[in-house]
$ cat work.txt   # compact mmCIF, C-alpha atoms
# COMPACT_ATOMS: atom_id res chain seq x y z
CA MET A 1344 12.94 12.02 -23.56
CA ASN A 1345 10.39 9.61 -22.10
CA GLU A 1346 9.79 9.09 -18.38
CA LEU A 1347 11.80 5.86 -18.09
CA GLN A 1348 14.84 7.49 -19.68
CA LEU A 1349 14.49 10.49 -17.39
CA ILE A 1350 14.28 8.26 -14.31
CA SER A 1351 17.36 6.27 -15.28
CA GLN A 1352 19.30 9.47 -15.99
CA LEU A 1353 18.21 10.89 -12.63
CA LYS A 1354 19.38 7.71 -10.90
CA GLU A 1355 22.73 7.96 -12.66
CA GLY A 1356 22.96 11.60 -11.55
CA GLN A 1357 23.24 13.11 -15.03
CA GLU A 1358 23.25 16.88 -14.78
CA GLY A 1359 20.70 17.76 -17.48
CA SER A 1360 18.09 15.38 -16.07
CA PHE A 1361 17.68 17.40 -12.87
CA LYS A 1362 17.01 20.54 -14.87
CA ILE A 1363 14.39 18.75 -16.96
CA LEU A 1364 12.71 17.41 -13.82
CA VAL A 1365 12.59 20.87 -12.22
CA GLU A 1366 11.18 22.40 -15.40
CA GLU A 1367 8.54 19.68 -15.75
CA GLN A 1368 7.46 19.26 -12.15
CA SER A 1369 8.15 22.46 -10.22
CA ARG A 1370 4.82 24.00 -11.28
CA ASN A 1371 2.80 21.03 -10.02
CA VAL A 1372 4.71 20.88 -6.74
CA TYR A 1373 4.47 24.63 -6.14
CA ASN A 1374 0.75 24.74 -6.95
CA THR A 1375 -0.06 21.79 -4.73
CA ALA A 1376 1.82 23.36 -1.84
CA LEU A 1377 0.23 26.75 -2.55
CA GLY A 1378 -3.25 25.24 -2.54
CA ILE A 1379 -2.71 23.45 0.75
CA LEU A 1380 -0.72 26.13 2.56
CA GLN A 1381 -2.27 29.25 0.99
CA ASN A 1382 0.94 31.18 1.48
CA LYS A 1383 3.44 31.93 -1.30
CA ALA A 1384 6.59 31.98 0.85
CA ASP A 1385 5.67 28.73 2.61
CA ALA A 1386 4.84 27.11 -0.74
CA GLU A 1387 8.27 28.11 -2.10
CA ASP A 1388 10.02 26.64 0.96
CA ILE A 1389 8.08 23.40 0.62
CA THR A 1390 8.84 23.22 -3.11
CA GLN A 1391 12.55 23.36 -2.28
CA GLU A 1392 12.17 20.69 0.40
CA VAL A 1393 10.24 18.46 -1.99
CA PHE A 1394 12.95 18.61 -4.64
CA ILE A 1395 15.69 17.91 -2.09
CA GLU A 1396 13.72 14.82 -1.06
CA VAL A 1397 13.19 13.82 -4.70
CA PHE A 1398 16.91 14.10 -5.52
CA ARG A 1399 17.87 12.21 -2.38
CA SER A 1400 15.44 9.34 -2.78
CA ILE A 1401 15.23 8.95 -6.55
CA GLY A 1402 17.34 5.81 -6.12
CA LYS A 1403 14.54 4.26 -4.06
CA PHE A 1404 11.85 5.05 -6.64
CA LYS A 1405 10.68 1.68 -7.97
CA GLY A 1406 8.53 2.95 -10.81
CA GLU A 1407 5.33 1.41 -9.42
CA SER A 1408 3.53 4.68 -10.15
CA LYS A 1409 4.17 7.57 -12.49
CA LEU A 1410 7.08 9.81 -11.49
CA SER A 1411 4.72 12.79 -11.24
CA THR A 1412 2.40 10.82 -8.91
CA TRP A 1413 5.34 9.98 -6.64
CA ILE A 1414 6.40 13.64 -6.59
CA TYR A 1415 2.82 14.76 -5.88
CA ARG A 1416 2.77 12.36 -2.93
CA ILE A 1417 5.96 13.88 -1.51
CA ALA A 1418 4.54 17.39 -2.04
CA VAL A 1419 1.29 16.53 -0.25
CA THR A 1420 3.09 14.85 2.65
CA LYS A 1421 5.54 17.73 3.12
CA SER A 1422 2.80 20.38 2.89
CA LEU A 1423 0.58 18.61 5.41
CA GLU A 1424 3.52 18.07 7.78
CA PHE A 1425 4.31 21.78 7.56
CA LEU A 1426 0.69 22.69 8.23
CA ARG A 1427 0.50 20.38 11.25
CA LYS A 1428 3.66 21.90 12.70
CA LYS A 1429 2.29 25.40 12.15
CA ASN A 1430 -1.05 24.53 13.74
CA ARG A 1431 0.67 22.85 16.70
CA SER A 1432 2.65 25.98 17.44
CA LYS A 1433 -0.53 28.10 17.09
CA ARG A 1434 -2.32 25.88 19.60
CA PHE A 1435 0.29 26.74 22.19
CA VAL A 1436 -0.49 30.40 21.72
CA LEU A 1437 -4.24 30.22 21.68
CA PHE A 1438 -6.62 27.76 23.29
CA GLN A 1439 -9.71 27.39 21.19
CA VAL A 1440 -12.93 25.76 22.38
CA LYS A 1441 -14.43 23.82 19.50
CA THR A 1442 -18.19 24.01 19.32
CA GLU A 1443 -18.70 22.72 15.79
CA ASP A 1444 -17.19 20.01 13.62
CA VAL A 1445 -16.03 22.59 11.10
CA ASP A 1446 -15.03 26.08 12.22
CA PRO A 1447 -16.71 29.00 10.42
CA ILE A 1448 -14.86 30.94 7.73
CA GLU A 1449 -12.67 33.81 8.91
CA GLU A 1450 -14.17 37.28 8.53
CA ILE A 1451 -11.86 38.66 5.83
CA PRO A 1452 -10.41 36.03 3.46
CA SER A 1453 -6.79 36.99 2.93
CA PHE A 1454 -5.40 34.59 0.35
CA HIS A 1455 -5.69 35.41 -3.34
CA HIS A 1456 -4.50 32.70 -5.71
CA PRO A 1457 -2.67 34.24 -8.68
CA GLY A 1458 -4.25 31.79 -11.13
CA VAL A 1459 -7.86 32.76 -10.42
CA GLN A 1460 -9.70 34.76 -13.08
CA LEU A 1461 -10.15 38.38 -12.11
CA GLU A 1462 -13.96 38.28 -12.00
CA ASN A 1463 -13.81 35.31 -9.59
CA LYS A 1464 -11.11 36.74 -7.36
CA GLU A 1465 -13.30 37.72 -4.42
CA ARG A 1466 -15.36 34.54 -4.42
CA ALA A 1467 -12.34 32.30 -4.86
CA ALA A 1468 -10.74 33.96 -1.82
CA ILE A 1469 -13.82 33.04 0.23
CA LEU A 1470 -13.70 29.49 -1.14
CA PHE A 1471 -10.00 29.22 -0.21
CA ALA A 1472 -10.83 30.42 3.30
CA ALA A 1473 -13.53 27.76 3.49
CA LEU A 1474 -11.08 25.12 2.23
CA LYS A 1475 -8.83 25.91 5.19
CA LYS A 1476 -11.57 24.72 7.52
CA LEU A 1477 -11.93 21.29 5.95
CA PRO A 1478 -10.27 18.17 7.36
CA GLU A 1479 -6.91 17.73 5.63
CA ASN A 1480 -7.78 14.65 3.54
CA GLN A 1481 -10.91 16.33 2.13
CA ARG A 1482 -8.99 19.52 1.45
CA THR A 1483 -6.15 17.65 -0.27
CA ALA A 1484 -8.51 15.64 -2.48
CA PHE A 1485 -10.42 18.80 -3.43
CA ILE A 1486 -7.25 20.74 -4.27
CA LEU A 1487 -5.74 17.93 -6.33
CA HIS A 1488 -8.96 17.51 -8.27
CA LYS A 1489 -10.00 21.13 -8.75
CA MET A 1490 -6.65 22.89 -8.96
CA GLU A 1491 -4.40 20.23 -10.39
CA ASP A 1492 -7.11 18.67 -12.51
CA LEU A 1493 -6.10 15.16 -11.47
CA PRO A 1494 -8.44 12.20 -11.99
CA TYR A 1495 -9.79 10.32 -8.95
CA ALA A 1496 -7.60 7.29 -9.73
CA GLU A 1497 -4.40 9.33 -9.52
CA ILE A 1498 -5.57 11.11 -6.36
CA ALA A 1499 -6.24 7.67 -4.87
CA THR A 1500 -2.65 6.62 -5.60
CA ILE A 1501 -1.26 9.86 -4.15
CA LEU A 1502 -3.32 9.59 -0.97
CA ASN A 1503 -2.88 5.82 -0.79
CA VAL A 1504 -6.62 5.17 -0.63
CA THR A 1505 -9.16 3.54 -2.95
CA GLY A 1506 -10.94 5.31 -5.77
CA SER A 1507 -14.26 5.10 -3.95
CA ALA A 1508 -12.65 6.65 -0.86
CA VAL A 1509 -11.63 9.63 -3.00
CA GLU A 1510 -15.19 9.91 -4.33
CA SER A 1511 -16.54 10.00 -0.81
CA LEU A 1512 -13.87 12.52 0.26
CA MET A 1513 -14.89 14.78 -2.60
CA PHE A 1514 -18.56 14.39 -1.79
CA ARG A 1515 -18.01 15.29 1.87
CA ALA A 1516 -15.70 18.15 0.93
CA LYS A 1517 -18.37 19.69 -1.31
CA GLN A 1518 -21.03 19.21 1.37
CA ASN A 1519 -18.89 20.86 4.04
CA LEU A 1520 -17.93 23.69 1.72
CA GLN A 1521 -21.57 24.31 0.94
CA LYS A 1522 -22.40 24.49 4.66
CA LEU A 1523 -19.51 26.86 5.30
CA LEU A 1524 -20.49 29.11 2.43
CA VAL A 1525 -24.12 29.25 3.53
CA ASP A 1526 -22.97 30.28 7.03
CA TYR A 1527 -20.69 32.90 5.56
CA TYR A 1528 -23.45 34.27 3.34
CA GLU A 1529 -25.90 34.49 6.23
CA LYS A 1530 -23.39 36.21 8.47
CA ASN A 1531 -22.36 38.74 5.90
CA GLU A 1532 -25.83 39.13 4.31
CA LYS A 1533 -24.77 39.38 0.73
CA MET B 937 -33.17 32.34 -0.80
CA GLU B 938 -32.53 32.04 -4.51
CA ASN B 939 -29.82 34.65 -4.18
CA LYS B 940 -28.08 32.66 -1.48
CA GLU B 941 -28.21 29.42 -3.43
CA SER B 942 -26.88 30.98 -6.60
CA TRP B 943 -24.14 32.79 -4.64
CA VAL B 944 -23.04 29.49 -3.03
CA LYS B 945 -23.13 27.74 -6.39
CA GLU B 946 -21.10 30.45 -8.10
CA THR B 947 -18.60 30.60 -5.25
CA LEU B 948 -18.10 26.85 -5.43
CA ALA B 949 -17.53 27.16 -9.16
CA SER B 950 -15.06 30.05 -8.78
CA MET B 951 -12.14 27.63 -8.86
CA ASP B 952 -13.21 26.15 -12.19
CA HIS B 953 -10.98 27.03 -15.14
CA MET B 954 -8.37 28.29 -12.73
CA GLN B 955 -4.83 28.63 -14.10
CA GLN B 956 -1.80 27.19 -12.37
CA ALA B 957 0.35 29.75 -10.59
CA THR B 958 3.71 30.28 -12.28
CA VAL B 959 6.92 29.43 -10.47
CA SER B 960 9.15 32.46 -10.12
CA PRO B 961 12.42 32.31 -12.13
CA GLN B 962 14.36 32.80 -8.87
CA LEU B 963 12.76 29.73 -7.33
CA GLN B 964 13.36 27.69 -10.46
CA GLN B 965 17.00 28.78 -10.52
CA ALA B 966 17.36 27.94 -6.82
CA LEU B 967 15.93 24.47 -7.46
CA ILE B 968 18.37 23.82 -10.31
CA GLU B 969 21.33 25.06 -8.24
CA GLN B 970 20.19 22.91 -5.34
CA ALA B 971 20.06 19.90 -7.64
CA THR B 972 23.53 20.60 -9.00
CA SER B 973 25.08 20.91 -5.56
CA LEU B 974 23.38 17.73 -4.36
CA ARG B 975 24.61 15.92 -7.47
CA LYS B 976 28.18 17.08 -6.80
CA LEU B 977 27.90 16.00 -3.18
CA ARG B 978 26.65 12.61 -4.31
CA SER B 979 29.54 12.15 -6.71
CA ILE B 980 32.08 13.14 -4.04
CA ARG B 981 30.64 10.87 -1.39
CA PRO B 982 31.64 7.45 -2.79
CA ILE B 983 35.23 8.66 -3.31
CA ALA B 984 35.38 10.02 0.21
CA LYS B 985 33.92 6.78 1.58
CA TRP B 986 36.58 4.67 -0.16
CA ALA B 987 39.35 7.04 0.92
CA VAL B 988 38.28 6.80 4.56
CA ALA B 989 37.98 3.00 4.34
CA ALA B 990 41.42 2.70 2.73
CA SER B 991 43.06 4.93 5.34
CA ILE B 992 41.50 2.89 8.18
CA VAL B 993 42.79 -0.35 6.64
CA LEU B 994 46.26 1.17 6.20
CA LEU B 995 46.33 2.48 9.76
CA ALA B 996 45.24 -0.87 11.14
CA GLY B 997 47.85 -2.61 8.98
CA PHE B 998 50.65 -0.39 10.27
CA ASN B 999 49.53 -1.00 13.83
CA VAL B 1000 49.54 -4.76 13.39
CA ILE B 1001 52.98 -4.69 11.77
CA SER B 1002 54.43 -2.49 14.50
CA VAL B 1003 52.91 -4.65 17.26
CA ILE B 1004 54.34 -7.82 15.70
CA HIS B 1005 57.68 -6.18 15.23
CA CYS B 1006 57.94 -4.76 18.77
CA SER B 1007 56.75 -7.88 20.56
CA LYS B 1008 59.59 -10.02 19.15
CA PRO B 1009 61.80 -11.16 22.06
CA THR B 1010 65.06 -9.26 22.15
CA HIS B 1011 67.66 -11.95 22.52
CA VAL B 1012 70.07 -10.13 24.71
CA GLN B 1013 72.41 -12.79 25.72
CA ASN B 1014 73.07 -11.65 29.24
CA GLU B 1015 75.26 -14.59 29.84
CA THR B 1016 77.61 -13.50 27.14
CA ASN B 1017 77.67 -9.91 28.38
CA PRO B 1018 81.16 -9.30 29.99
CA VAL B 1019 79.76 -7.03 32.75
CA TYR B 1020 77.19 -9.62 33.66
CA LYS B 1021 79.80 -12.31 33.65
CA GLU B 1022 82.09 -10.39 35.90
CA TYR B 1023 79.39 -9.25 38.31
CA PHE B 1024 77.85 -12.68 38.79
CA SER B 1025 81.02 -14.65 38.52
CA TYR B 1026 80.94 -15.40 42.27
CA ILE B 1027 77.77 -17.47 41.76
CA ASN B 1028 79.65 -19.85 39.59
CA GLU B 1029 82.16 -20.31 42.36
CA PHE B 1030 79.55 -21.94 44.58

$ encode --input "work.txt" --output "structure tokens"
Amino acid sequence: MNELQLISQLKEGQEGSFKILVEEQSRNVYNTALGILQNKADAEDITQEVFIEVFRSIGKFKGESKLSTWIYRIAVTKSLEFLRKKNRSKRFVLFQVKTEDVDPIEEIPSFHHPGVQLENKERAAILFAALKKLPENQRTAFILHKMEDLPYAEIATILNVTGSAVESLMFRAKQNLQKLLVDYYEKNEK
Amino acid sequence: MENKESWVKETLASMDHMQQATVSPQLQQALIEQATSLRKLRSIRPIAKWAVAASIVLLAGFNVISVIHCSKPTHVQNETNPVYKEYFSYINEF
């Protein structure tokens, strides 16, 4: 079944089409949420919320972009909203005085992505901890490119920015990550 | 120095060739069930909407009919009523 057929079946509410959509897209949605949130339970909750939104608003989907791009956009929006809410509630608990543009990496990186190769596990955990410290648009662009393997053009559509804006986001993300990793290395004297 | 640079480089590359995490079968099942229940809800909704609309129209219709029916003047011909006639008969005498 091609994408147009799937979309029309989804709009008509045909039972099998929902199953196909879940099978095709749940991995992308879950992985995007997992990359942004770095928490399995939160990523599962967001995946459910994303699919509820998709089923509710499929009628409004005009087909201006690929279905997967539209779903990625919902996943990114929902994940970032969740993160903002979480950070807002944290701010009430703890007042932090910011001295730098980007906070240093936490002492013990706690998130281990299940898809990372075993020999890279420790380093990837540090990289994920560094990712947490990036501004959200840089982090999102980096995750979509590195984890989801999406081209800049598609990331631009998802984030509703130009292709060159994505390039600059990626450039700044890499620069900031490098700085963070150097700090981490110097602190922990590898 | 060289150590640091190579460590940073390797750490940045640690995400390369990363596999996607698999979605647990429970989550996938939950998503499908969620979709099915939403689909059912969606198919019920238009019927419910029309049923509510039809019942409102019917109710309004009954109200209008009953108002029209009740507001009709009751032509009680008091003049022809024998009690009335007898009671007010003195008026006619004047």

$ atom_distance --input "work.txt" --atom1 "CA of Ser1453 in chain A" --atom2 "CA of Leu1477 in chain A"
16.8 Å

$ residues_around --input "work.txt" --residues "Met954 in chain B" --least-positions-apart "5" --cutoff "10 Å" --atoms "all atoms listed in the file" --output "ChimeraX atom specification"
/A:1456-1460,1463,1467,1489-1492 /B:949

$ atom_distance --input "work.txt" --atom1 "CA of Ile1350 in chain A" --atom2 "CA of Ala966 in chain B"
21.3 Å

$ residues_around --input "work.txt" --residues "Arg1370 in chain A" --least-positions-apart "4" --cutoff "7 Å" --atoms "all atoms listed in the file" --output "list of chain:residue names"
A:Asn1374, B:Thr958, B:Val959

$ residues_around --input "work.txt" --residues "Val1419 in chain A" --least-positions-apart "5" --cutoff "12 Å" --atoms "only C-alpha atoms" --output "ChimeraX atom specification"
/A:1371-1380,1386,1389-1390,1392-1393,1412-1414,1424-1426,1479-1480,1482-1484,1486-1487,1498,1500-1503

$ atom_distance --input "work.txt" --atom1 "CA of Ser1411 in chain A" --atom2 "CA of Leu1512 in chain A"
21.9 Å

$ closest_residue --input "work.txt" --among "A:Leu1493, A:Ala1418, A:Leu1423, A:Leu1353" --to "chain B" --atoms "all atoms listed in the file"
A:Leu1353

$ interface_residues --input "work.txt" --of "chain B" --to "chain A" --cutoff "8 Å" --atoms "only C-alpha atoms" --output "VMD selection string"
chain B and resid 940 944 946 to 948 950 to 952 954 to 959 963 to 964 967 to 968 970 to 972 974 to 975

$ write_last_selection --input "work.txt" --atoms "C-alpha atoms" --output "PDB file, in the coordinates of the input"
ATOM      1  CA  LYS B 940     -28.080  32.660  -1.480  1.00  0.00           C
ATOM      2  CA  VAL B 944     -23.040  29.490  -3.030  1.00  0.00           C
ATOM      3  CA  GLU B 946     -21.100  30.450  -8.100  1.00  0.00           C
ATOM      4  CA  THR B 947     -18.600  30.600  -5.250  1.00  0.00           C
ATOM      5  CA  LEU B 948     -18.100  26.850  -5.430  1.00  0.00           C
ATOM      6  CA  SER B 950     -15.060  30.050  -8.780  1.00  0.00           C
ATOM      7  CA  MET B 951     -12.140  27.630  -8.860  1.00  0.00           C
ATOM      8  CA  ASP B 952     -13.210  26.150 -12.190  1.00  0.00           C
ATOM      9  CA  MET B 954      -8.370  28.290 -12.730  1.00  0.00           C
ATOM     10  CA  GLN B 955      -4.830  28.630 -14.100  1.00  0.00           C
ATOM     11  CA  GLN B 956      -1.800  27.190 -12.370  1.00  0.00           C
ATOM     12  CA  ALA B 957       0.350  29.750 -10.590  1.00  0.00           C
ATOM     13  CA  THR B 958       3.710  30.280 -12.280  1.00  0.00           C
ATOM     14  CA  VAL B 959       6.920  29.430 -10.470  1.00  0.00           C
ATOM     15  CA  LEU B 963      12.760  29.730  -7.330  1.00  0.00           C
ATOM     16  CA  GLN B 964      13.360  27.690 -10.460  1.00  0.00           C
ATOM     17  CA  LEU B 967      15.930  24.470  -7.460  1.00  0.00           C
ATOM     18  CA  ILE B 968      18.370  23.820 -10.310  1.00  0.00           C
ATOM     19  CA  GLN B 970      20.190  22.910  -5.340  1.00  0.00           C
ATOM     20  CA  ALA B 971      20.060  19.900  -7.640  1.00  0.00           C
ATOM     21  CA  THR B 972      23.530  20.600  -9.000  1.00  0.00           C
ATOM     22  CA  LEU B 974      23.380  17.730  -4.360  1.00  0.00           C
ATOM     23  CA  ARG B 975      24.610  15.920  -7.470  1.00  0.00           C
TER      24      ARG B 975
END

$ axis_aligned_box --input "work.txt" --around "range 940-955 of chain B" --padding-each-side "3 Å" --output "JSON"
{"center_x": -16.5, "center_y": 29.5, "center_z": -8.3, "size_x": 29.4, "size_y": 12.6, "size_z": 19.7}

$ residues_near_point --input "work.txt" --point "(-12.8, 13.2, 2.0)" --cutoff "8 Å" --atoms "all atoms listed in the file" --output "PyMOL selection string"
chain A and resi 1478+1480-1482+1484+1508-1516
